[in-house]
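Q: The structure is given below, and queries will be raised subsequently.
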Amino acid sequence: MSKPDELLVDIASLVESEHSNQMSLTVVVAGAVITGRLAPEALWRRRVAEVLKDSDRLGPFASVFEADAGSGPPPERARPTHLHFHLARILQGSLGLPETGGMYRIPLLDVSAWSVGDLSYSDN
């Protein structure tokens with residue numbers, strides 16, 4: 001997509017401004033279907049840093065994500081350029097990978113289609 005969908009940018013902006021992680025979204029990016037909940041960037045960064053800190057091998061990388069995480073609301077910023085998913089899965093057949101959900105950062109420009117809501121598959 002050469003220009004991001006303005007409605008999707010508005011949704012991302014609202015997630016950022018309200019500091020809410022309750023918006024479920026499904027997107028198509030380079031043919032992959034990713035579904036999960038959006039999170040404000042600062043919250044997403046903090047959570048990634050926490051996960052990295054718990055790793056013996058990856059702990060040093062936590063500081064990269066903490067650099068802009070801040071503790072309070074972000075200052076007035078430009079419109080979002082990325083979606084920050086947590087509890088997200090890449091849907092492939094009847095599987096959602098990872099099963100427990102992952103943390104994804106997706107450029108808005110790369111989203112070719114989207115839908116409100118979290119998709120899930122069932123074998124039943």
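Residues are referred to by chain and number: the chain letter is A, B, ... according to the order shown in the structure tokens, the number counts from 1 in that chain, and ligands are numbered separately from 1 in the order shown.
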Name the residues in contact with His84 of chain A at a cut-off of 7 Å, using only C-alpha atoms, excluding same-chain residues fewer than 3 positions from it; report them as a list of chain:residue names.
A: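 In the requested form, the answer reads A:Leu38, A:Ala39, A:Pro40, A:Glu41, A:Trp44, A:Tyr104, A:Arg105, A:Ile106.
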Q: DSSP on the backbone: which residues in segment 62-119 of chain A end up as alpha helix (DSSP H)? Give the answer as a PyMOL selection string.
A: chain A and resi 62-66
Q: Excluding segment 98-101 of chain A and its own-chain neighbours fewer than 5 positions away, which residues fall within 8 Å of it when counting only C-alpha atoms? Please give them as a PyMOL selection string.
A: chain A and resi 36+86-90
Q: Please dump the current selection as a PDB file, in the first residue's frame; keep N, CA, C and O atoms.
A:
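Result file is out.pdb:
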```
ATOM      1  N   GLY A  36      -4.828 -10.286  16.478  1.00  0.00           N
ATOM      2  CA  GLY A  36      -4.513 -10.071  17.884  1.00  0.00           C
ATOM      3  C   GLY A  36      -5.026  -8.734  18.366  1.00  0.00           C
ATOM      4  O   GLY A  36      -5.884  -8.127  17.738  1.00  0.00           O
ATOM      5  N   HIS A  86      -0.032  -7.310  20.466  1.00  0.00           N
ATOM      6  CA  HIS A  86       0.375  -8.262  21.493  1.00  0.00           C
ATOM      7  C   HIS A  86      -0.710  -9.332  21.537  1.00  0.00           C
ATOM      8  O   HIS A  86      -1.798  -9.159  20.992  1.00  0.00           O
ATOM      9  N   LEU A  87      -0.382 -10.463  22.117  1.00  0.00           N
ATOM     10  CA  LEU A  87      -1.301 -11.609  22.105  1.00  0.00           C
ATOM     11  C   LEU A  87      -1.735 -11.913  20.678  1.00  0.00           C
ATOM     12  O   LEU A  87      -2.888 -12.231  20.415  1.00  0.00           O
ATOM     13  N   ALA A  88      -0.806 -11.791  19.740  1.00  0.00           N
ATOM     14  CA  ALA A  88      -1.120 -11.945  18.322  1.00  0.00           C
ATOM     15  C   ALA A  88      -0.613 -13.281  17.789  1.00  0.00           C
ATOM     16  O   ALA A  88       0.343 -13.861  18.309  1.00  0.00           O
ATOM     17  N   ARG A  89      -1.286 -13.736  16.738  1.00  0.00           N
ATOM     18  CA  ARG A  89      -0.913 -14.986  16.102  1.00  0.00           C
ATOM     19  C   ARG A  89      -0.903 -14.796  14.583  1.00  0.00           C
ATOM     20  O   ARG A  89      -1.717 -14.059  14.043  1.00  0.00           O
ATOM     21  N   ILE A  90      -0.004 -15.518  13.936  1.00  0.00           N
ATOM     22  CA  ILE A  90      -0.022 -15.628  12.484  1.00  0.00           C
ATOM     23  C   ILE A  90      -0.894 -16.835  12.189  1.00  0.00           C
ATOM     24  O   ILE A  90      -0.639 -17.931  12.701  1.00  0.00           O
TER      25      ILE A  90
END
```
Q: Find the spatial neighbours of Ser2 of chain A, counting only C-alpha atoms, within a cut-off of 10 Å - ignore same-chain residues fewer than 2 positions away - and output them as a PyMOL selection string.
A: chain A and resi 4-5+108-112
Q: Export C-alpha atoms of the chosen residues as a PDB file, in the first residue's frame?
A:
```
ATOM      1  CA  PRO A   4      -1.870   3.772   4.684  1.00  0.00           C
ATOM      2  CA  ASP A   5      -5.630   3.460   5.049  1.00  0.00           C
ATOM      3  CA  LEU A 108       0.888   0.558   8.383  1.00  0.00           C
ATOM      4  CA  LEU A 109       2.120   0.899   4.796  1.00  0.00           C
ATOM      5  CA  ASP A 110       2.434  -2.912   4.559  1.00  0.00           C
ATOM      6  CA  VAL A 111      -1.181  -3.680   5.500  1.00  0.00           C
ATOM      7  CA  SER A 112      -3.102  -4.721   2.390  1.00  0.00           C
TER       8      SER A 112
END
```
Q: Let me make sure I understand: among A:Leu95, A:Leu7, A:Met23, A:Met103, which one has the smallest atom-to-atom distance to Val48 of chain A if we use only C-alpha atoms?
A: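 Among the listed residues, A:Met103 lies closest to Val48 of chain A.
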